[in-house]
file protein13.cif (mmCIF, C-alpha atoms)
data_my_file
#
loop_
_atom_site.label_atom_id
_atom_site.label_comp_id
_atom_site.auth_asym_id
_atom_site.auth_seq_id
_atom_site.Cartn_x
_atom_site.Cartn_y
_atom_site.Cartn_z
CA MET T 175 50.16 -48.77 24.89
CA LYS T 176 50.54 -45.06 25.56
CA LEU T 177 52.55 -42.40 23.78
CA ILE T 178 53.50 -39.77 26.33
CA CYS T 179 55.47 -36.59 26.02
CA SER T 180 56.28 -34.45 28.99
CA ASP T 181 57.57 -30.92 29.21
CA LEU T 182 58.58 -31.06 25.57
CA VAL T 183 60.44 -28.06 24.16
CA LYS T 184 61.83 -27.35 20.71
CA THR T 185 63.75 -24.13 20.25
CA TYR T 186 64.54 -22.60 16.89
CA GLY T 187 66.78 -19.57 17.39
CA HIS T 188 65.26 -17.69 20.27
CA LYS T 189 61.76 -18.99 19.73
CA ASN T 190 60.15 -22.00 21.37
CA ALA T 191 58.30 -23.59 18.46
CA VAL T 192 57.02 -26.12 20.98
CA ASP T 193 56.81 -24.63 24.44
CA HIS T 194 56.67 -27.05 27.40
CA VAL T 195 54.07 -29.43 26.03
CA SER T 196 52.86 -32.46 27.96
CA LEU T 197 50.45 -34.84 26.34
CA THR T 198 49.25 -38.42 26.71
CA LEU T 199 47.96 -40.25 23.64
CA GLU T 200 46.02 -43.38 24.44
CA GLN T 201 45.57 -46.48 22.37
CA GLY T 202 42.44 -46.74 20.27
CA LYS T 203 41.43 -43.13 19.80
CA ILE T 204 41.27 -40.73 16.89
CA TYR T 205 42.83 -37.43 17.87
CA GLY T 206 42.69 -34.19 15.95
CA LEU T 207 45.43 -31.60 16.28
CA ILE T 208 44.31 -28.16 15.24
CA GLY T 209 46.20 -24.91 15.35
CA ARG T 210 46.98 -21.93 13.17
CA ASN T 211 49.90 -21.74 10.76
CA GLY T 212 53.10 -21.72 12.77
CA ALA T 213 51.43 -22.98 15.96
CA GLY T 214 54.03 -25.78 16.22
CA LYS T 215 51.88 -28.73 15.13
CA THR T 216 54.33 -30.32 12.73
CA THR T 217 57.26 -29.75 15.09
CA LEU T 218 55.35 -31.44 17.91
CA LEU T 219 54.28 -34.39 15.75
CA SER T 220 57.79 -34.90 14.38
CA MET T 221 59.23 -35.01 17.90
CA LEU T 222 56.56 -37.47 19.03
CA THR T 223 57.76 -39.84 16.33
CA ALA T 224 61.49 -39.20 16.82
CA GLN T 225 61.91 -37.55 13.43
CA ASN T 226 63.20 -34.40 15.06
CA PRO T 227 65.44 -34.20 18.16
CA VAL T 228 63.94 -32.51 21.20
CA THR T 229 65.54 -29.46 22.82
CA SER T 230 64.34 -30.73 26.18
CA GLY T 231 61.67 -32.99 27.60
CA THR T 232 60.88 -36.64 26.97
CA VAL T 233 58.84 -38.77 24.60
CA THR T 234 58.10 -42.32 25.64
CA LEU T 235 56.07 -45.20 24.28
CA ASP T 236 55.03 -47.53 27.10
CA GLY T 237 57.73 -46.03 29.28
CA GLU T 238 60.53 -46.46 26.75
CA PRO T 239 62.15 -43.43 25.11
CA VAL T 240 61.36 -43.38 21.39
CA TRP T 241 64.56 -41.66 20.23
CA GLU T 242 66.72 -44.09 18.22
CA ASN T 243 64.77 -46.93 19.74
CA ARG T 244 63.77 -49.41 17.05
CA ARG T 245 61.40 -51.29 19.33
CA ALA T 246 59.35 -48.17 19.97
CA LEU T 247 59.63 -46.81 16.42
CA ASP T 248 58.17 -50.04 15.02
CA HIS T 249 54.85 -48.91 16.45
CA LEU T 250 55.00 -45.31 15.22
CA CYS T 251 54.25 -43.89 11.80
CA PHE T 252 54.59 -40.23 10.90
CA SER T 253 53.12 -39.45 7.54
CA ARG T 254 53.79 -35.90 6.46
CA GLU T 255 53.68 -33.85 3.32
CA LEU T 256 56.32 -35.09 0.89
CA ASN T 257 58.99 -32.64 -0.13
CA VAL T 258 59.64 -33.39 -3.80
CA SER T 259 61.17 -30.08 -4.82
CA GLN T 260 64.57 -31.57 -5.68
CA GLU T 261 65.38 -34.04 -8.42
CA SER T 262 67.98 -35.74 -6.22
CA GLY T 263 65.82 -36.55 -3.19
CA VAL T 264 62.66 -38.53 -2.80
CA GLY T 265 61.14 -36.68 -5.77
CA SER T 266 63.00 -38.79 -8.33
CA MET T 267 61.58 -41.97 -6.82
CA LYS T 268 58.68 -43.69 -8.53
CA VAL T 269 55.50 -44.22 -6.52
CA LYS T 270 56.03 -47.99 -6.37
CA GLU T 271 59.67 -47.55 -5.30
CA TYR T 272 58.60 -45.22 -2.53
CA LEU T 273 55.95 -47.67 -1.34
CA ARG T 274 58.48 -50.53 -1.44
CA LEU T 275 60.81 -48.45 0.74
CA ALA T 276 57.96 -47.90 3.20
CA SER T 277 57.24 -51.62 3.27
CA TYR T 278 60.84 -52.25 4.42
CA TYR T 279 60.63 -49.57 7.06
CA TYR T 280 57.35 -50.58 8.71
CA PRO T 281 57.46 -54.13 10.14
CA ASP T 282 53.67 -54.54 10.12
CA TRP T 283 53.28 -53.26 6.55
CA ASP T 284 50.10 -54.50 4.84
CA GLY T 285 51.01 -54.87 1.16
CA GLU T 286 47.52 -56.02 0.24
CA LEU T 287 45.95 -52.90 1.77
CA ALA T 288 48.53 -50.70 0.02
CA ARG T 289 47.66 -52.30 -3.34
CA ARG T 290 43.95 -51.82 -2.70
CA LEU T 291 44.40 -48.15 -1.82
CA VAL T 292 46.65 -47.46 -4.81
CA GLU T 293 43.93 -48.89 -7.01
CA LEU T 294 41.19 -46.95 -5.22
CA PHE T 295 43.08 -43.67 -5.55
CA GLU T 296 44.11 -44.53 -9.13
CA LEU T 297 47.71 -43.66 -8.33
CA PRO T 298 50.12 -43.91 -11.27
CA VAL T 299 52.70 -46.25 -9.69
CA LYS T 300 55.27 -45.80 -12.44
CA LYS T 301 55.36 -42.01 -12.18
CA LYS T 302 58.03 -40.16 -10.24
CA LEU T 303 56.80 -38.46 -7.10
CA MET T 304 57.91 -35.06 -8.40
CA LYS T 305 55.54 -35.48 -11.34
CA LEU T 306 52.50 -35.97 -9.12
CA SER T 307 49.95 -33.28 -8.27
CA LYS T 308 49.60 -32.05 -4.69
CA GLY T 309 46.46 -34.14 -4.28
CA MET T 310 48.16 -37.31 -5.51
CA LEU T 311 51.10 -36.74 -3.17
CA SER T 312 48.62 -36.50 -0.31
CA MET T 313 47.16 -39.83 -1.43
CA VAL T 314 50.62 -41.44 -1.35
CA THR T 315 51.12 -40.29 2.23
CA ILE T 316 47.69 -41.66 3.13
CA VAL T 317 48.52 -45.05 1.59
CA VAL T 318 51.73 -45.20 3.64
CA ALA T 319 49.95 -44.18 6.84
CA LEU T 320 47.14 -46.71 6.54
CA ALA T 321 49.26 -49.59 5.22
CA SER T 322 51.95 -49.07 7.88
CA LYS T 323 49.58 -50.65 10.41
CA ALA T 324 51.56 -48.81 13.09
CA ALA T 325 49.74 -48.73 16.45
CA PHE T 326 50.23 -44.96 16.61
CA THR T 327 49.81 -43.36 13.22
CA ILE T 328 50.21 -39.64 12.82
CA LEU T 329 48.99 -37.88 9.71
CA ASP T 330 50.12 -34.32 9.23
CA GLU T 331 47.72 -32.45 6.93
CA PRO T 332 46.60 -35.60 5.09
CA VAL T 333 43.76 -33.88 3.24
CA ALA T 334 45.70 -30.83 2.04
CA GLY T 335 45.29 -30.70 -1.71
CA LEU T 336 42.49 -33.27 -1.85
CA ASP T 337 39.15 -32.36 -3.38
CA VAL T 338 36.00 -32.69 -1.29
CA VAL T 339 35.09 -36.13 -2.66
CA MET T 340 38.56 -37.50 -1.88
CA ARG T 341 38.50 -35.92 1.56
CA GLU T 342 35.27 -37.73 2.38
CA LYS T 343 36.72 -40.94 0.96
CA PHE T 344 39.78 -40.50 3.19
CA TYR T 345 37.72 -40.11 6.37
CA LYS T 346 35.64 -43.17 5.43
CA LEU T 347 38.80 -45.24 4.89
CA LEU T 348 40.22 -43.95 8.15
CA LEU T 349 37.08 -44.98 10.05
CA GLU T 350 37.04 -48.36 8.32
CA GLU T 351 40.65 -49.01 9.35
CA TYR T 352 40.00 -47.68 12.84
CA ALA T 353 36.95 -49.91 13.30
CA ALA T 354 38.87 -52.97 12.11
CA THR T 355 42.03 -52.46 14.17
CA GLY T 356 41.54 -49.91 16.97
CA ARG T 357 44.80 -48.21 16.00
CA THR T 358 45.44 -44.71 17.31
CA PHE T 359 45.37 -41.92 14.76
CA VAL T 360 46.46 -38.33 15.18
CA ILE T 361 45.38 -36.04 12.37
CA SER T 362 46.29 -32.43 11.91
CA THR T 363 44.10 -30.39 9.62
CA HIS T 364 42.97 -26.87 8.82
CA ILE T 365 39.65 -28.06 7.43
CA ILE T 366 38.18 -28.33 10.88
CA GLU T 367 34.45 -28.80 10.31
CA GLU T 368 34.94 -31.76 7.98
CA ALA T 369 37.02 -33.55 10.59
CA ALA T 370 35.01 -32.55 13.66
CA ASP T 371 32.63 -35.52 13.67
CA VAL T 372 35.44 -38.02 13.15
CA LEU T 373 37.65 -36.84 16.00
CA GLU T 374 37.09 -38.32 19.44
CA GLU T 375 39.53 -35.95 21.10
CA VAL T 376 40.65 -32.58 19.88
CA ILE T 377 43.97 -30.99 20.79
CA ILE T 378 44.09 -27.22 20.27
CA MET T 379 47.56 -25.77 19.91
CA HIS T 380 48.44 -22.08 19.89
CA GLN T 381 51.84 -20.41 19.82
CA GLY T 382 53.72 -23.56 20.81
CA LYS T 383 51.46 -24.42 23.73
CA ILE T 384 48.48 -26.72 24.09
CA LEU T 385 45.40 -24.71 25.01
CA THR T 386 43.03 -27.61 25.38
CA VAL T 387 42.71 -31.35 25.07
CA ALA T 388 39.05 -32.27 25.14
CA ASN T 389 36.43 -34.69 23.95
CA THR T 390 35.29 -33.02 20.72
CA GLN T 391 31.55 -33.43 21.32
CA GLU T 392 31.76 -32.29 24.94
CA LEU T 393 33.78 -29.22 23.96
CA VAL T 394 31.33 -28.24 21.22
CA ASP T 395 28.30 -29.00 23.40
CA SER T 396 29.64 -26.76 26.16
CA ALA T 397 30.17 -23.76 23.89
CA ARG T 398 27.53 -21.06 23.36
CA TYR T 399 27.43 -17.78 21.53
CA VAL T 400 25.46 -15.16 23.45
CA SER T 401 24.49 -11.88 21.79
CA GLY T 402 22.27 -8.89 22.42
CA ARG T 403 22.49 -5.56 24.21
CA ALA T 404 25.92 -5.30 25.86
CA GLU T 405 24.54 -4.94 29.41
CA ASP T 406 22.14 -7.87 28.94
CA VAL T 407 24.92 -10.09 27.59
CA ASP T 408 27.21 -9.11 30.47
CA ALA T 409 24.48 -9.98 32.97
CA ALA T 410 23.57 -13.26 31.26
CA VAL T 411 27.16 -14.57 31.22
CA GLU T 412 28.26 -13.23 34.60
CA GLY T 413 30.36 -15.78 36.45
CA LEU T 414 30.72 -18.03 33.37
CA THR T 415 33.92 -18.80 31.45
CA VAL T 416 33.99 -16.22 28.68
CA CYS T 417 36.57 -17.15 26.09
CA HIS T 418 36.09 -14.29 23.67
CA SER T 419 33.82 -11.31 23.28
CA GLU T 420 33.37 -8.35 20.97
CA THR T 421 31.39 -5.20 21.38
CA MET T 422 29.91 -3.17 18.54
CA GLY T 423 28.12 -0.02 19.61
CA ARG T 424 25.38 -1.10 22.03
CA SER T 425 25.57 -4.76 21.07
CA LYS T 426 27.89 -7.49 22.22
CA GLY T 427 28.62 -11.09 21.38
CA ALA T 428 30.39 -13.46 23.74
CA THR T 429 31.62 -17.03 23.34
CA VAL T 430 31.30 -18.94 26.60
CA PHE T 431 32.07 -22.44 27.83
CA LEU T 432 29.54 -23.93 30.21
CA LYS T 433 30.85 -26.28 32.87
CA PRO T 434 28.57 -29.19 33.81
CA GLY T 435 25.51 -27.83 35.59
CA GLU T 436 26.07 -24.27 34.44
CA GLN T 437 23.66 -22.39 32.23
CA ILE T 438 23.26 -18.97 30.66
CA ARG T 439 21.47 -16.89 33.32
CA PRO T 440 17.80 -16.71 32.34
CA GLY T 441 15.66 -13.60 32.32
CA TYR T 442 17.69 -11.52 29.87
CA ASP T 443 16.71 -10.72 26.29
CA VAL T 444 19.71 -12.33 24.62
CA THR T 445 20.15 -14.76 21.75
CA VAL T 446 21.90 -17.99 22.70
CA GLN T 447 23.28 -20.09 19.86
CA PRO T 448 25.27 -23.32 19.66
CA ILE T 449 28.55 -23.00 17.76
CA ASN T 450 30.63 -25.49 15.82
CA LEU T 451 34.20 -26.61 16.41
CA GLN T 452 35.59 -24.22 13.82
CA LYS T 453 34.03 -21.24 15.58
CA VAL T 454 35.20 -22.52 18.98
CA PHE T 455 38.69 -22.66 17.49
CA VAL T 456 38.52 -19.13 16.07
CA ALA T 457 37.24 -17.80 19.40
CA MET T 458 40.21 -19.43 21.16
CA CYS T 459 42.97 -18.79 18.63
CA GLY T 460 41.73 -15.96 16.37
CA GLU T 461 43.26 -12.49 15.98
CA GLU T 462 41.36 -10.96 18.86
CA ALA T 463 41.56 -13.97 21.17
CA HIS T 464 43.30 -13.40 24.45
CA MET F 1376 24.28 -7.34 15.04
CA ASN F 1377 26.36 -9.92 16.78
CA GLU F 1378 24.55 -13.16 16.21
CA GLN F 1379 26.18 -16.00 14.35
CA LEU F 1380 24.86 -17.11 10.99
CA THR F 1381 23.58 -20.66 10.74
CA GLU F 1382 22.93 -22.99 7.83
CA SER F 1383 19.31 -23.57 8.66
CA LYS F 1384 17.91 -20.59 6.77
CA SER F 1385 18.78 -18.23 3.92
CA ILE F 1386 21.54 -15.79 4.87
CA TYR F 1387 19.64 -12.70 3.67
CA LEU F 1388 16.67 -13.62 5.88
CA GLN F 1389 18.98 -14.04 8.86
CA ILE F 1390 20.51 -10.62 8.16
CA SER F 1391 17.12 -8.92 8.04
CA GLU F 1392 15.94 -10.74 11.19
CA MET F 1393 19.11 -9.75 13.04
CA ILE F 1394 18.53 -6.09 12.21
CA GLU F 1395 14.91 -6.44 13.32
CA THR F 1396 15.95 -8.02 16.60
CA ASP F 1397 18.46 -5.23 17.18
CA ILE F 1398 15.68 -2.69 16.65
CA LEU F 1399 13.43 -4.58 19.08
CA ARG F 1400 16.22 -4.67 21.67
CA GLU F 1401 16.87 -0.98 21.06
CA ILE F 1402 20.44 -1.69 20.02
CA LEU F 1403 19.49 0.22 16.87
CA LEU F 1404 17.25 3.22 17.56
CA GLU F 1405 14.76 4.85 15.21
CA GLU F 1406 16.32 7.45 12.94
CA GLU F 1407 19.71 5.89 13.57
CA GLN F 1408 22.01 4.70 10.78
CA VAL F 1409 22.33 0.91 10.34
CA PRO F 1410 25.57 -0.81 9.26
CA SER F 1411 26.18 -0.52 5.53
CA THR F 1412 26.00 -3.43 3.12
CA ASN F 1413 29.79 -3.52 2.97
CA GLU F 1414 30.16 -3.44 6.74
CA LEU F 1415 27.72 -6.35 7.08
CA ALA F 1416 29.51 -8.24 4.31
CA LYS F 1417 32.83 -7.83 6.12
CA GLN F 1418 31.52 -8.71 9.57
CA TYR F 1419 29.78 -11.92 8.53
CA THR F 1420 32.06 -12.80 5.60
CA ILE F 1421 29.20 -12.87 3.15
CA ASN F 1422 28.74 -11.48 -0.34
CA PRO F 1423 27.67 -7.80 -0.29
CA ALA F 1424 24.79 -8.60 -2.66
CA THR F 1425 23.41 -11.03 -0.07
CA ALA F 1426 23.66 -8.41 2.67
CA ALA F 1427 21.95 -5.90 0.36
CA LYS F 1428 19.10 -8.35 -0.23
CA GLY F 1429 18.49 -8.57 3.52
CA ILE F 1430 18.56 -4.79 3.88
CA ASN F 1431 16.26 -4.23 0.88
CA LEU F 1432 13.70 -6.59 2.37
CA LEU F 1433 13.45 -4.21 5.34
CA VAL F 1434 13.33 -1.17 3.07
CA ASP F 1435 10.38 -2.74 1.21
CA GLU F 1436 8.59 -3.22 4.53
CA GLY F 1437 9.21 0.39 5.54
CA ILE F 1438 11.40 -0.61 8.49
CA LEU F 1439 14.53 0.98 7.00
CA TYR F 1440 14.77 3.90 4.64
CA LYS F 1441 17.51 5.26 2.45
CA LYS F 1442 19.06 8.69 2.79
CA ARG F 1443 20.55 9.40 -0.58
CA GLY F 1444 24.34 9.53 -0.42
CA ILE F 1445 24.46 8.78 3.31
CA GLY F 1446 23.11 5.30 3.96
CA MET F 1447 20.30 3.30 5.52
CA PHE F 1448 18.38 4.47 8.57
CA VAL F 1449 15.80 2.98 10.92
CA ALA F 1450 12.40 4.43 10.04
CA ALA F 1451 10.19 6.14 12.61
CA GLY F 1452 7.65 3.59 13.89
CA ALA F 1453 9.88 0.67 12.82
CA ARG F 1454 9.84 -0.96 16.24
CA GLU F 1455 6.04 -0.98 16.37
CA LYS F 1456 5.92 -2.39 12.83
CA ILE F 1457 8.28 -5.24 13.72
CA LEU F 1458 6.37 -6.01 16.91
CA SER F 1459 3.05 -6.35 15.13
CA LYS F 1460 4.64 -8.38 12.33
CA ARG F 1461 6.25 -10.77 14.82
CA ARG F 1462 3.00 -11.07 16.77
CA ARG F 1463 1.22 -12.15 13.61
CA ALA F 1464 4.03 -14.60 12.83
CA PHE F 1465 3.94 -15.91 16.40
CA VAL F 1466 0.73 -17.82 15.73
CA GLU F 1467 2.16 -19.43 12.65
CA THR F 1468 5.71 -20.15 13.86
CA TYR F 1469 5.01 -21.12 17.46
CA LEU F 1470 1.35 -21.82 18.19
CA ASP F 1471 0.58 -23.95 15.15
CA ARG F 1472 3.63 -26.12 15.79
CA LEU F 1473 2.83 -26.34 19.47
CA LEU F 1474 -0.72 -27.52 18.75
CA GLU F 1475 0.50 -29.97 16.13
CA GLU F 1476 2.95 -31.65 18.52
CA ALA F 1477 0.40 -31.57 21.35
CA GLY F 1478 -2.08 -33.34 19.09
CA ARG F 1479 0.54 -35.94 18.17
CA LEU F 1480 1.19 -36.61 21.87
CA GLY F 1481 -2.51 -36.75 22.77
CA ILE F 1482 -2.33 -33.69 25.01
CA THR F 1483 -5.81 -32.20 25.33
CA LYS F 1484 -6.55 -28.48 24.95
CA GLU F 1485 -7.33 -28.21 28.67
CA GLU F 1486 -4.06 -29.89 29.64
CA LEU F 1487 -2.14 -27.60 27.31
CA ILE F 1488 -3.70 -24.46 28.73
CA GLU F 1489 -2.94 -25.70 32.24
CA MET F 1490 0.70 -26.33 31.27
CA ILE F 1491 1.07 -22.82 29.89
CA ARG F 1492 -0.56 -21.30 32.95
CA GLU F 1493 1.81 -23.20 35.28
CA LYS F 1494 4.90 -22.35 33.24
CA ALA F 1495 4.09 -18.65 32.92
CA LEU F 1496 3.55 -18.11 36.62
#
call {"tool": "encode", "arguments": {"input": "protein13.cif", "output": "structure tokens"}}
result
Amino acid sequence: MKLICSDLVKTYGHKNAVDHVSLTLEQGKIYGLIGRNGAGKTTLLSMLTAQNPVTSGTVTLDGEPVWENRRALDHLCFSRELNVSQESGVGSMKVKEYLRLASYYYPDWDGELARRLVELFELPVKKKLMKLSKGMLSMVTIVVALASKAAFTILDEPVAGLDVVMREKFYKLLLEEYAATGRTFVISTHIIEEAADVLEEVIIMHQGKILTVANTQELVDSARYVSGRAEDVDAAVEGLTVCHSETMGRSKGATVFLKPGEQIRPGYDVTVQPINLQKVFVAMCGEEAH
Amino acid sequence: MNEQLTESKSIYLQISEMIETDILREILLEEEQVPSTNELAKQYTINPATAAKGINLLVDEGILYKKRGIGMFVAAGAREKILSKRRRAFVETYLDRLLEEAGRLGITKEELIEMIREKAL
């Protein structure tokens, strides 16, 4: 099974929140979607799961359009932050009522798993959603995502509001479920370093466009930070893919991506350091990035 | 002053080593002003007290000195001082570890010397 979008556009006013995005999500992988606030992550994810109509472009699951297509939607789960601001909406629902609703919606719902997770998270099932803390609301969305058993499960900011212990618990549960079923997960998060080792593929989104889709380890392994005297750094990285650089007086630092077989040119007095995914991301999408 | 901080070592030590390396590379020249504690704090997103600790370490060693009301400057002879300090540390940080691993692998002294000779040529 493959979830494919091609030339996807979503326009709000005069702005393309999602700007001609094409992407193929394969079965059995954990993807990470990272991007700054307003990059278009949630808009993209909601269109992938037919929660939001597209302006143009297509989304298909195994060749079938997902929009208003029950057969395709049975395999998709989009778990996003719950909006409980109003008494009238979902906020007045009790946790157990909300979970019951989810069990009707998802044909492969695993009630036993949901019960186990509710117990593990110590969720107060009789409380209304609007009475829950931000962290507990995140846990409810995680329960729904995991128990949905949908082949393609998308979690938008699942760890927002969770403390560090719960975040680790979440990633362990995710890996457990992944190992047992081989479902596809797409996770968006701003806490990049904590997710880095869990993500097989990372999708970097910036200003409505996808900058990169890469194997996380390969991307990180190919990145180097080179610093020293400006002329030495320039000479050492000549001909390489420089993604970002900054000069301060006589010194310079440059983030480069090495293609297979490439190396920093030897013979110059420069410091070469590995960098982590978070720093790769900042170099690509930060204020000074071009 | 463009290196990235890592988690492998105390931040203040990394700050002082970065300044030293910049002096060795003649990015910072003797009698030249070095970035202030607050500038370092901002650039590396670290607490100013941590940056100050790194700077003070170099002041104690006579590599930097303070001009009252102006800031920190590279002392005359600082480069030579850092060179001789790093040469002394070279034995401890590199040679001792090299010999230890060579011993573990059963590489004899003669073999090791031959390896170095080949590599350096």
call {"tool": "closest_atom_pairs", "arguments": {"input": "protein13.cif", "of": "chain F", "to": "chain T", "cutoff": "12 Å", "atoms": "only C-alpha atoms", "output": "CSV"}}
result
residue,atom,partner,partner_atom,distance
F:Met1376,CA,T:Ser425,CA,6.7
F:Asn1377,CA,T:Gly427,CA,5.3
F:Glu1378,CA,T:Ser401,CA,5.7
F:Gln1379,CA,T:Gln447,CA,7.4
F:Leu1380,CA,T:Gln447,CA,9.5
F:Thr1381,CA,T:Ile449,CA,8.9
F:Glu1382,CA,T:Asn450,CA,11.4
F:Met1393,CA,T:Gly402,CA,9.9
F:Ile1394,CA,T:Gly402,CA,11.2
F:Glu1395,CA,T:Gly402,CA,12.0
F:Thr1396,CA,T:Gly402,CA,8.6
F:Asp1397,CA,T:Gly402,CA,7.4
F:Ile1398,CA,T:Arg403,CA,10.6
F:Leu1399,CA,T:Asp443,CA,10.0
F:Arg1400,CA,T:Arg403,CA,6.8
F:Glu1401,CA,T:Arg403,CA,7.9
F:Ile1402,CA,T:Arg424,CA,5.4
F:Leu1403,CA,T:Arg424,CA,7.9
F:Leu1404,CA,T:Arg424,CA,10.2
F:Glu1407,CA,T:Gly423,CA,11.9
F:Gln1408,CA,T:Gly423,CA,11.7
F:Val1409,CA,T:Gly423,CA,11.0
F:Pro1410,CA,T:Met422,CA,10.5
F:Glu1414,CA,T:Met422,CA,11.8
F:Gln1418,CA,T:Met422,CA,10.7
call {"tool": "atom_distance", "arguments": {"input": "protein13.cif", "atom1": "atom CA of Glu1392 of chain F", "atom2": "atom CA of Lys1494 of chain F"}}
result
27.3 Å
call {"tool": "residues_around", "arguments": {"input": "protein13.cif", "residues": "segment 361-377 of chain T", "least_positions_apart": "6", "cutoff": "9 Å", "atoms": "only C-alpha atoms", "output": "compact mmCIF listing (two decimals) with C-alpha atoms, keeping the file's coordinate frame"}}
result
# COMPACT_ATOMS: atom_id res chain seq x y z
CA LYS T 203 41.43 -43.13 19.80
CA ILE T 204 41.27 -40.73 16.89
CA TYR T 205 42.83 -37.43 17.87
CA GLY T 206 42.69 -34.19 15.95
CA LEU T 207 45.43 -31.60 16.28
CA ILE T 208 44.31 -28.16 15.24
CA GLY T 209 46.20 -24.91 15.35
CA ARG T 210 46.98 -21.93 13.17
CA ASN T 211 49.90 -21.74 10.76
CA LYS T 215 51.88 -28.73 15.13
CA THR T 216 54.33 -30.32 12.73
CA THR T 327 49.81 -43.36 13.22
CA ILE T 328 50.21 -39.64 12.82
CA LEU T 329 48.99 -37.88 9.71
CA ASP T 330 50.12 -34.32 9.23
CA GLU T 331 47.72 -32.45 6.93
CA PRO T 332 46.60 -35.60 5.09
CA VAL T 333 43.76 -33.88 3.24
CA ALA T 334 45.70 -30.83 2.04
CA ARG T 341 38.50 -35.92 1.56
CA GLU T 342 35.27 -37.73 2.38
CA TYR T 345 37.72 -40.11 6.37
CA LEU T 349 37.08 -44.98 10.05
CA ILE T 384 48.48 -26.72 24.09
CA LEU T 385 45.40 -24.71 25.01
CA THR T 386 43.03 -27.61 25.38
CA VAL T 387 42.71 -31.35 25.07
CA ALA T 388 39.05 -32.27 25.14
CA ASN T 389 36.43 -34.69 23.95
CA THR T 390 35.29 -33.02 20.72
CA GLN T 391 31.55 -33.43 21.32
CA LEU T 393 33.78 -29.22 23.96
CA ASN T 450 30.63 -25.49 15.82
CA LEU T 451 34.20 -26.61 16.41
CA GLN T 452 35.59 -24.22 13.82
CA PHE T 455 38.69 -22.66 17.49
call {"tool": "atom_distance", "arguments": {"input": "protein13.cif", "atom1": "atom CA of Ala457 of chain T", "atom2": "atom CA of Gly413 of chain T"}}
result
18.5 Å
call {"tool": "atom_distance", "arguments": {"input": "protein13.cif", "atom1": "atom CA of Val233 of chain T", "atom2": "atom CA of Ser180 of chain T"}}
result
6.7 Å
call {"tool": "resolve_selection", "arguments": {"input": "protein13.cif", "expression": "the PyMOL selection byres ((chain F and resi 1449) around 9)", "output": "list in words"}}
result
Ile1398, Leu1403, Leu1404, Glu1405, Glu1406, Glu1407, Gln1408, Val1409, Gly1437, Ile1438, Leu1439, Tyr1440, Lys1441, Met1447, Phe1448, Ala1450, Ala1451, Gly1452, Ala1453 and Arg1454 of chain F
call {"tool": "resolve_selection", "arguments": {"input": "protein13.cif", "expression": "the PyMOL selection byres ((chain T and resi 253) around 12)", "output": "number ranges by chain"}}
result
T: 216, 219-220, 223, 225, 250-252, 254-257, 276, 280, 311-322, 324, 326-333, 359-362
call {"tool": "resolve_selection", "arguments": {"input": "protein13.cif", "expression": "the PyMOL selection byres ((chain T and resi 182-184) around 7)", "output": "list in words"}}
result
Cys179, Ser180, Asp181, Thr185, Tyr186, Asn190, Ala191, Val192, Asp193, His194, Val195, Ser196, Val228, Thr229, Ser230, Gly231 and Thr232 of chain T
call {"tool": "residues_around", "arguments": {"input": "protein13.cif", "residues": "Ile1421 of chain F", "least_positions_apart": "6", "cutoff": "10 Å", "atoms": "all atoms listed in the file", "output": "ChimeraX atom specification"}}
result
/F:1380,1386-1387,1412-1413,1415
call {"tool": "closest_residue", "arguments": {"input": "protein13.cif", "among": "T:Val411, T:Met175, T:His418, T:Val454", "to": "Gln437 of chain T", "atoms": "all atoms listed in the file"}}
result
T:Val411
call {"tool": "residues_around", "arguments": {"input": "protein13.cif", "residues": "Glu242 of chain T", "least_positions_apart": "4", "cutoff": "10 Å", "atoms": "only C-alpha atoms", "output": "list in words"}}
result
Ala224, Gln225, Pro227, Ala246 and Leu247 of chain T
call {"tool": "closest_residue", "arguments": {"input": "protein13.cif", "among": "T:Ala325, T:Phe295, T:Leu197, T:Ile378", "to": "Lys343 of chain T", "atoms": "all atoms listed in the file"}}
result
T:Phe295
call {"tool": "closest_residue", "arguments": {"input": "protein13.cif", "among": "T:Glu392, T:Asp408, T:Asp282, T:Glu200", "to": "Leu177 of chain T", "atoms": "all atoms listed in the file"}}
result
T:Glu200
call {"tool": "residues_around", "arguments": {"input": "protein13.cif", "residues": "Thr355 of chain T", "least_positions_apart": "5", "cutoff": "9 Å", "atoms": "all atoms listed in the file", "output": "PyMOL selection string"}}
result
chain T and resi 202+323+325+350
call {"tool": "residues_around", "arguments": {"input": "protein13.cif", "residues": "Lys1417 of chain F", "least_positions_apart": "6", "cutoff": "10 Å", "atoms": "only C-alpha atoms", "output": "list of chain:residue names"}}
result
F:Ser1411, F:Pro1423, F:Ala1426
call {"tool": "closest_residue", "arguments": {"input": "protein13.cif", "among": "T:Thr415, T:Lys270, T:Gly356, T:Lys176", "to": "Asp236 of chain T", "atoms": "only C-alpha atoms"}}
result
T:Lys176
call {"tool": "decode", "arguments": {"input": "protein13.cif", "residues": "segment 1457-1468 of chain F", "atoms": "C-alpha atoms", "output": "PDB file, in the first residue's frame"}}
result
ATOM      1  CA  ILE F1457      49.024  28.236  23.924  1.00  0.00           C
ATOM      2  CA  LEU F1458      51.431  26.414  21.618  1.00  0.00           C
ATOM      3  CA  SER F1459      53.651  25.251  24.449  1.00  0.00           C
ATOM      4  CA  LYS F1460      50.637  24.310  26.572  1.00  0.00           C
ATOM      5  CA  ARG F1461      49.137  22.250  23.738  1.00  0.00           C
ATOM      6  CA  ARG F1462      52.496  20.602  23.049  1.00  0.00           C
ATOM      7  CA  ARG F1463      52.669  19.471  26.661  1.00  0.00           C
ATOM      8  CA  ALA F1464      49.064  18.238  26.477  1.00  0.00           C
ATOM      9  CA  PHE F1465      49.793  16.465  23.189  1.00  0.00           C
ATOM     10  CA  VAL F1466      51.699  13.711  24.981  1.00  0.00           C
ATOM     11  CA  GLU F1467      48.887  13.145  27.413  1.00  0.00           C
ATOM     12  CA  THR F1468      45.901  13.481  25.063  1.00  0.00           C
TER      13      THR F1468
END
